[in-house]
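Enquirer: Let me begin by handing over the structure; questions about it come next.
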Amino acid sequence: MARLPGLAASLFLLFLTPAVAETLRLATFEVEMTRRGPGLLLRDISSGKDSQTEAVAEVIATVRPDVLLLTGFDYDLDLVALRSLRDRIAARGVDYPHLFALRPNSGWQTGLDLDGDGRIGGPGDARGWGRFAGAGGMAILSRHPIDHESVLDLSSLRWADLPGALIDEADLPREALGVLPVSSTGHWVVPVVLPSGTRLSLLAFRATPPVFDGPEDRNARRNRDEIALWRHLLEGRLSHRAPKPPLVILGNFNLDPVDGEGRRDALNALLSNPTLVDPAPVSTGAARAARMQGGANDLHHGNPALDTVDWPDDTGPGNLRVDYVLPSSDLTIRDAGVFWPDPEQPGHRAAQDASRHRLVWVDVDMP
């Protein structure tokens with residue numbers, strides 16, 4: 001009994017000690033690492049001589065995210081290409097022991113003539129546009145364990161079943177209504193287990209571009225609904241249980257909130273959702289590129305420092321903000337940025353060679 005006062009004092013001091021927060025760097029990167037056929041990406045990565053894949057590894061090793069979503073990355077069943085990329089990053093001193101990927105909808109054939117060209121089996125006849133099954137998929141690299149058993153894959157949710165869907169039944173073969181999902185690539189809820197035991201849910205996706213169609217505007221409508229899916233999930237409108245905070249929505253939304261083409265209501269609803277935070281990451285490189293290039297960029301109304309992709313400004317839409325990391329509002333934002341260095345800064349050439357998109361990162365504190 002004589003030891004109780006000491007024990008009580010220790011407990012008292014424990015409760016007076018401030019909790020130490022875990023700081024995590026969360027990132028998304030549209031790497032455009034898709035090739036014209038299966039196995040070609042693995043060939044390029046494993047050679048160690050492909051300038052694009054080496055630049056991607058260099059960018060990732062420079063920014064050093066704790067958890068990273070890759071979009072536009074060809075999928076293979078055993079994740080061989082992903083492991084090969086992980087090895088190229090590890091050679092630069094950054095290790096990702098935990099990997100995750102699922103088969104994407106891109107290139108997964110429906111057996112229907114969805115694009116109306118009179119043939120079956122083309123890229124436009126798949127669940128999501130793709131030259132082969134697995135083309136342009138998604139993958140996660142993490143320093144922390146992933147709870148594979150608790151992953152929620154919403155990629156098979158039928159477009160026609162989404163609340164308020166903008167699907168046009170007259171635009172598609174009747175049979176398509178029963179098989180065409182909302183997701184052109186995938187929608188995943190992936191729990192990451194942190195050292196404290198806290199679980200962070202990654203709401204990962206890659207939406208179709210809202211262009212490359214005709215007056216039916218199918219791609220713009222689908223892009224809008226791919227983004228809207230997350231709001232429906234968080235607000236309990238789907239049959240699946242909404243993930244609890246802390247969480248983060250991240251990926252290639254393929255839509256700018258101000259400029260370029262597309263239907264913005266679902267995006268702006270997410271950006272203004274009180275349960276989420278938009279850190280609005282910027283870069284000096286993006287602002288400078290927009291000033292130097294002119295063209296379409298001169299017609300834009302949004303802040304060019306927020307841009308995340310360097311698309312042609314003379315024949316295309318110019319630079320836009322299309323890649324996002326949106327943490328839940330219970331997390332403390334410490335810092336955020338887009339890895340788009342100025343020409344005089346280190347990493348400029350690697351960022352250019354890696355992808356037209358730039359890596360977007362956000363630092364959050366998790367108490």
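Letters for chains follow the order of the structure tokens (A, B, ...), residue numbers begin at 1 for each chain, and ligand numbers begin at 1 in the order shown.
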DSSP on the backbone: which residues in range 176-324 of chain A end up as strand (DSSP E)? Give the answer as a list in words.
Expert: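 The strand (DSSP E) subset of range 176-324 of chain A is His187, Trp188, Val189, Val190, Pro191, Val192, Val193, Arg199, Leu200, Ser201, Leu202, Leu203, Ala204, Phe205, Arg206, Leu247, Val248, Ile249, Leu250, Gly251, Asn252, Asp323 and Tyr324 of chain A.
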Enquirer: Identify, on the basis of only C-alpha atoms, every residue whose closest approach to range 261-276 of chain A does not exceed 7 Å; exclude the query and any residue fewer than 4 positions from it along the same chain; express the result as an mmCIF file with N, CA and C atoms, in the first residue's frame.
Expert:
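Wrote result-v2.cif, looks like this:
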```
data_model
loop_
_atom_site.group_PDB
_atom_site.id
_atom_site.type_symbol
_atom_site.label_atom_id
_atom_site.label_comp_id
_atom_site.auth_asym_id
_atom_site.auth_seq_id
_atom_site.Cartn_x
_atom_site.Cartn_y
_atom_site.Cartn_z
ATOM 1 N N PRO A 210 -14.086 14.401 -68.272
ATOM 2 C CA PRO A 210 -15.426 14.821 -68.680
ATOM 3 C C PRO A 210 -15.489 15.255 -70.141
ATOM 4 N N ALA A 220 -18.938 13.456 -69.155
ATOM 5 C CA ALA A 220 -19.104 14.515 -68.158
ATOM 6 C C ALA A 220 -20.116 14.101 -67.101
ATOM 7 N N ARG A 224 -19.162 13.421 -63.116
ATOM 8 C CA ARG A 224 -19.908 14.064 -62.040
ATOM 9 C C ARG A 224 -20.393 13.040 -61.029
ATOM 10 N N ILE A 227 -17.684 11.460 -58.713
ATOM 11 C CA ILE A 227 -17.355 12.336 -57.598
ATOM 12 C C ILE A 227 -18.488 12.344 -56.573
ATOM 13 N N ALA A 228 -19.740 12.349 -57.064
ATOM 14 C CA ALA A 228 -20.901 12.385 -56.169
ATOM 15 C C ALA A 228 -21.007 11.127 -55.315
ATOM 16 N N ARG A 231 -19.963 11.614 -51.688
ATOM 17 C CA ARG A 231 -20.903 12.363 -50.848
ATOM 18 C C ARG A 231 -22.069 11.472 -50.426
ATOM 19 N N LEU A 255 -11.277 16.943 -62.834
ATOM 20 C CA LEU A 255 -12.192 18.080 -62.936
ATOM 21 C C LEU A 255 -11.646 19.247 -62.128
ATOM 22 N N PRO A 257 -12.452 22.968 -60.342
ATOM 23 C CA PRO A 257 -13.648 23.602 -59.781
ATOM 24 C C PRO A 257 -14.081 24.875 -60.494
ATOM 25 N N LEU A 326 -8.231 15.452 -49.795
ATOM 26 C CA LEU A 326 -9.201 16.141 -48.943
ATOM 27 C C LEU A 326 -9.351 15.391 -47.621
ATOM 28 N N PRO A 327 -8.627 15.779 -46.577
ATOM 29 C CA PRO A 327 -8.741 15.101 -45.271
ATOM 30 C C PRO A 327 -10.056 15.469 -44.571
ATOM 31 N N SER A 328 -10.455 14.616 -43.649
ATOM 32 C CA SER A 328 -11.623 14.922 -42.822
ATOM 33 C C SER A 328 -11.272 16.047 -41.849
ATOM 34 N N SER A 329 -12.292 16.766 -41.416
ATOM 35 C CA SER A 329 -12.073 17.989 -40.642
ATOM 36 C C SER A 329 -11.575 17.732 -39.224
#
```
Enquirer: So that I can check the surroundings of Leu79 in chain A, please list as a PyMOL selection string every protein, DNA and RNA residue that reaches within 12 Å of it, counting only C-alpha atoms and ignoring chain neighbours fewer than 6 positions away.
Expert: chain A and resi 39+41-42+73+85-86+98-103+134+137-141
Enquirer: Keeping only N, CA, C and O atoms, write the selected residues as a CSV table (one decimal), in the first residue's frame.
Expert:
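What ended up in result.csv:
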```
chain,number,residue,atom,x,y,z
A,39,GLY,N,2.1,-6.2,-69.4
A,39,GLY,CA,3.5,-6.6,-69.3
A,39,GLY,C,4.5,-5.6,-69.7
A,39,GLY,O,5.6,-5.7,-69.3
A,41,LEU,N,4.6,-2.4,-69.0
A,41,LEU,CA,5.0,-1.5,-67.9
A,41,LEU,C,6.1,-2.2,-67.0
A,41,LEU,O,7.1,-1.5,-66.7
A,42,LEU,N,5.9,-3.4,-66.7
A,42,LEU,CA,6.9,-4.2,-66.0
A,42,LEU,C,8.2,-4.2,-66.7
A,42,LEU,O,9.3,-4.0,-66.1
A,73,PHE,N,-1.9,3.7,-63.3
A,73,PHE,CA,-0.8,2.7,-63.1
A,73,PHE,C,-1.4,1.3,-63.5
A,73,PHE,O,-2.4,0.8,-62.9
A,85,LEU,N,8.3,-1.1,-59.1
A,85,LEU,CA,8.5,0.3,-58.9
A,85,LEU,C,8.9,0.6,-57.4
A,85,LEU,O,9.7,1.5,-57.2
A,86,ARG,N,8.3,-0.2,-56.5
A,86,ARG,CA,8.7,0.0,-55.1
A,86,ARG,C,10.2,-0.2,-54.9
A,86,ARG,O,10.8,0.5,-54.1
A,98,HIS,N,4.2,-1.9,-47.6
A,98,HIS,CA,2.9,-2.3,-47.7
A,98,HIS,C,2.3,-1.8,-49.0
A,98,HIS,O,2.3,-0.6,-49.3
A,99,LEU,N,1.7,-2.8,-49.8
A,99,LEU,CA,1.2,-2.5,-51.1
A,99,LEU,C,-0.2,-2.9,-51.2
A,99,LEU,O,-0.7,-3.9,-50.6
A,100,PHE,N,-1.0,-2.2,-52.1
A,100,PHE,CA,-2.4,-2.6,-52.3
A,100,PHE,C,-2.8,-2.2,-53.7
A,100,PHE,O,-2.5,-1.1,-54.2
A,101,ALA,N,-3.6,-3.1,-54.3
A,101,ALA,CA,-4.2,-2.8,-55.6
A,101,ALA,C,-5.3,-3.8,-55.9
A,101,ALA,O,-5.2,-5.0,-55.5
A,102,LEU,N,-6.4,-3.4,-56.5
A,102,LEU,CA,-7.4,-4.3,-57.0
A,102,LEU,C,-7.6,-4.1,-58.5
A,102,LEU,O,-7.2,-3.1,-59.1
A,103,ARG,N,-8.2,-5.1,-59.1
A,103,ARG,CA,-8.4,-5.1,-60.5
A,103,ARG,C,-9.3,-3.9,-60.8
A,103,ARG,O,-10.4,-3.8,-60.3
A,134,GLY,N,-7.1,-4.0,-66.9
A,134,GLY,CA,-6.1,-3.5,-65.9
A,134,GLY,C,-5.4,-2.2,-66.3
A,134,GLY,O,-4.6,-1.7,-65.6
A,137,GLY,N,-4.9,1.5,-64.0
A,137,GLY,CA,-5.5,1.3,-62.7
A,137,GLY,C,-5.0,2.2,-61.6
A,137,GLY,O,-4.4,3.2,-61.8
A,138,MET,N,-5.2,1.7,-60.3
A,138,MET,CA,-4.7,2.4,-59.2
A,138,MET,C,-3.9,1.5,-58.3
A,138,MET,O,-4.0,0.3,-58.4
A,139,ALA,N,-3.1,2.1,-57.4
A,139,ALA,CA,-2.3,1.3,-56.5
A,139,ALA,C,-2.0,2.2,-55.3
A,139,ALA,O,-1.9,3.4,-55.4
A,140,ILE,N,-1.7,1.6,-54.1
A,140,ILE,CA,-1.4,2.3,-52.9
A,140,ILE,C,0.0,1.8,-52.4
A,140,ILE,O,0.2,0.6,-52.3
A,141,LEU,N,0.9,2.7,-52.1
A,141,LEU,CA,2.1,2.4,-51.4
A,141,LEU,C,2.0,3.0,-50.0
A,141,LEU,O,1.7,4.2,-49.9
```
Enquirer: Restricting the calculation to only C-alpha atoms, which member of A:Ala81, A:Ala27, A:Leu250, A:Asn297 is positioned closest to Ser47 in chain A?
Expert: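 Looking only at the distances to Ser47 in chain A, the closest residue turns out to be A:Ala81.
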Enquirer: Counting only C-alpha atoms, figure out which residue out of A:Ile120, A:Ala305, A:Val248, A:Ala160 gets nearest to Val282 in chain A.
Expert: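 Of A:Ile120, A:Ala305, A:Val248, A:Ala160, the one nearest Val282 in chain A is A:Ala305, counting only C-alpha atoms.
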Enquirer: Quick one: pull the distance between CA of Ala290 in chain A and CA of Glu344 in chain A, Å, one decimal.
Expert: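 Computing it gives 16.2 Å between the two atoms.
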Enquirer: Check the smallest atom-to-atom distance from each of A:Val338, A:Ile333, A:Ala90, A:Val190 to Ala287 in chain A using only C-alpha atoms, then report the winner.
Expert: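 Closest residue, counting only C-alpha atoms: A:Val338.
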Enquirer: Excluding Asp259 in chain A and its own-chain neighbours fewer than 6 positions away, which residues fall within 8 Å of it when counting only C-alpha atoms? Please give them as a PDB file with N, CA, C and O atoms, in the first residue's frame.
Expert:
```
ATOM      1  N   HIS A 300      -8.432  31.406 -68.093  1.00  0.00           N
ATOM      2  CA  HIS A 300      -8.856  30.771 -66.847  1.00  0.00           C
ATOM      3  C   HIS A 300      -9.160  31.817 -65.778  1.00  0.00           C
ATOM      4  O   HIS A 300      -8.586  32.904 -65.765  1.00  0.00           O
ATOM      5  N   HIS A 301     -10.061  31.431 -64.849  1.00  0.00           N
ATOM      6  CA  HIS A 301     -10.440  32.320 -63.754  1.00  0.00           C
ATOM      7  C   HIS A 301      -9.910  31.841 -62.403  1.00  0.00           C
ATOM      8  O   HIS A 301      -9.876  32.615 -61.449  1.00  0.00           O
ATOM      9  N   GLY A 302      -9.514  30.567 -62.307  1.00  0.00           N
ATOM     10  CA  GLY A 302      -9.015  30.028 -61.058  1.00  0.00           C
ATOM     11  C   GLY A 302      -7.584  30.450 -60.777  1.00  0.00           C
ATOM     12  O   GLY A 302      -6.866  30.938 -61.660  1.00  0.00           O
ATOM     13  N   LEU A 320      -4.734  22.809 -65.220  1.00  0.00           N
ATOM     14  CA  LEU A 320      -5.933  22.768 -64.389  1.00  0.00           C
ATOM     15  C   LEU A 320      -5.630  22.112 -63.044  1.00  0.00           C
ATOM     16  O   LEU A 320      -4.617  21.421 -62.898  1.00  0.00           O
TER      17      LEU A 320
END
```
Enquirer: Could you list, as a count of residues only, every residue within 12 Å of Leu299 in chain A, counting only C-alpha atoms and ignoring same-chain residues fewer than 2 positions away?
Expert: 20
Enquirer: As a ChimeraX atom specification, please: all residues of range 8-80 of chain A that backbone DSSP puts in helix (DSSP H, G or I).
Expert: /A:8-16,40-47,51-63,80
Enquirer: So that I have them on file, write out the residues from the current selection with N, CA and C atoms, as a short mmCIF file (atom, residue, chain, number, x, y, z; two decimals), in the first residue's frame.
Expert:
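File produced: selection-v6.cif:
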```cif
data_model
loop_
_atom_site.label_atom_id
_atom_site.label_comp_id
_atom_site.auth_asym_id
_atom_site.auth_seq_id
_atom_site.Cartn_x
_atom_site.Cartn_y
_atom_site.Cartn_z
N ALA A 8 -0.14 6.88 -7.96
CA ALA A 8 -1.13 7.92 -8.22
C ALA A 8 -0.46 9.15 -8.83
N ALA A 9 0.73 9.50 -8.31
CA ALA A 9 1.44 10.66 -8.85
C ALA A 9 1.83 10.43 -10.30
N SER A 10 2.25 9.20 -10.62
CA SER A 10 2.63 8.88 -12.00
C SER A 10 1.44 9.00 -12.94
N LEU A 11 0.29 8.49 -12.49
CA LEU A 11 -0.91 8.58 -13.33
C LEU A 11 -1.32 10.04 -13.51
N PHE A 12 -1.19 10.83 -12.44
CA PHE A 12 -1.54 12.25 -12.52
C PHE A 12 -0.67 12.96 -13.57
N LEU A 13 0.64 12.66 -13.52
CA LEU A 13 1.55 13.27 -14.49
C LEU A 13 1.25 12.80 -15.91
N LEU A 14 0.82 11.53 -16.04
CA LEU A 14 0.50 11.00 -17.37
C LEU A 14 -0.64 11.79 -18.00
N PHE A 15 -1.67 12.08 -17.21
CA PHE A 15 -2.82 12.79 -17.73
C PHE A 15 -2.49 14.25 -18.02
N LEU A 16 -1.48 14.80 -17.33
CA LEU A 16 -1.07 16.18 -17.59
C LEU A 16 -0.19 16.30 -18.83
N LEU A 40 4.04 -4.61 -70.50
CA LEU A 40 4.99 -3.62 -71.02
C LEU A 40 5.47 -2.66 -69.93
N LEU A 41 4.60 -2.37 -68.98
CA LEU A 41 5.02 -1.48 -67.88
C LEU A 41 6.10 -2.16 -67.04
N LEU A 42 5.90 -3.43 -66.73
CA LEU A 42 6.91 -4.16 -65.96
C LEU A 42 8.24 -4.16 -66.69
N ARG A 43 8.19 -4.36 -67.99
CA ARG A 43 9.42 -4.33 -68.80
C ARG A 43 10.14 -3.01 -68.63
N ASP A 44 9.39 -1.90 -68.70
CA ASP A 44 10.01 -0.59 -68.62
C ASP A 44 10.57 -0.30 -67.23
N ILE A 45 9.82 -0.66 -66.19
CA ILE A 45 10.30 -0.37 -64.83
C ILE A 45 11.54 -1.19 -64.51
N SER A 46 11.46 -2.49 -64.79
CA SER A 46 12.54 -3.39 -64.39
C SER A 46 13.83 -3.14 -65.17
N SER A 47 13.73 -2.49 -66.33
CA SER A 47 14.94 -2.20 -67.09
C SER A 47 15.84 -1.20 -66.38
N SER A 51 13.10 6.48 -68.91
CA SER A 51 13.21 7.81 -68.30
C SER A 51 11.98 8.19 -67.51
N GLN A 52 10.79 7.80 -67.98
CA GLN A 52 9.58 8.17 -67.25
C GLN A 52 9.49 7.46 -65.91
N THR A 53 9.65 6.15 -65.92
CA THR A 53 9.50 5.41 -64.67
C THR A 53 10.58 5.78 -63.66
N GLU A 54 11.78 6.06 -64.15
CA GLU A 54 12.84 6.51 -63.24
C GLU A 54 12.52 7.87 -62.64
N ALA A 55 11.90 8.73 -63.46
CA ALA A 55 11.52 10.05 -62.95
C ALA A 55 10.41 9.93 -61.91
N VAL A 56 9.45 9.03 -62.12
CA VAL A 56 8.40 8.81 -61.14
C VAL A 56 9.00 8.37 -59.80
N ALA A 57 9.92 7.41 -59.85
CA ALA A 57 10.57 6.96 -58.63
C ALA A 57 11.33 8.09 -57.95
N GLU A 58 11.96 8.94 -58.73
CA GLU A 58 12.72 10.07 -58.19
C GLU A 58 11.80 11.07 -57.49
N VAL A 59 10.67 11.38 -58.09
CA VAL A 59 9.73 12.32 -57.49
C VAL A 59 9.20 11.77 -56.16
N ILE A 60 8.80 10.51 -56.17
CA ILE A 60 8.26 9.91 -54.95
C ILE A 60 9.30 9.89 -53.84
N ALA A 61 10.53 9.53 -54.18
CA ALA A 61 11.60 9.49 -53.18
C ALA A 61 11.94 10.88 -52.67
N THR A 62 11.73 11.89 -53.48
CA THR A 62 12.00 13.26 -53.05
C THR A 62 10.94 13.76 -52.08
N VAL A 63 9.67 13.51 -52.38
CA VAL A 63 8.57 14.01 -51.55
C VAL A 63 8.37 13.14 -50.31
N VAL A 80 3.27 -7.37 -59.72
CA VAL A 80 4.70 -7.46 -60.03
C VAL A 80 5.25 -6.10 -60.45
#
```
Enquirer: Suppose you want the space between CA of Val211 in chain A and CA of Arg321 in chain A; what is it in Å?
Expert: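 Taking CA of Val211 in chain A and CA of Arg321 in chain A, their separation equals 15.5 Å.
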Enquirer: So that I can see what lies close to Val179 in chain A, please list as JSON, numbers by chain the residues with an atom at most 10 Å from it, counting only C-alpha atoms and leaving out residues fewer than 6 positions away in the same chain.
Expert: {"A": [110, 111, 112, 127, 156, 157, 158, 159, 160]}
Enquirer: So that I can check the surroundings of Thr198 in chain A, please list as a VMD selection string every protein, DNA and RNA residue that reaches within 9 Å of it, counting only C-alpha atoms and ignoring chain neighbours fewer than 3 positions away.
Expert: chain A and resid 192 to 195 246 366 to 367
Enquirer: When distances are computed from only C-alpha atoms, which of A:Val322, A:Leu233, A:Val309, A:Val277 shows the smallest separation from Arg356 in chain A?
Expert: A:Val309
Enquirer: Taking only C-alpha atoms into account, name the residue in A:Arg237, A:His187, A:Arg218, A:Arg88 that is nearest to Val151 in chain A.
Expert: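 Of A:Arg237, A:His187, A:Arg218, A:Arg88, the one nearest Val151 in chain A is A:His187, counting only C-alpha atoms.
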Enquirer: Of the candidates A:Pro243, A:Gly251, A:Pro281, A:Pro173, which one gets nearest to Ala204 in chain A if we count only C-alpha atoms?
Expert: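 The answer is A:Gly251, which sits nearest to Ala204 in chain A.
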Enquirer: How many Å separate CA of Ala135 in chain A from CA of Thr71 in chain A?
Expert: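 CA of Ala135 in chain A sits 10.6 Å away from CA of Thr71 in chain A.
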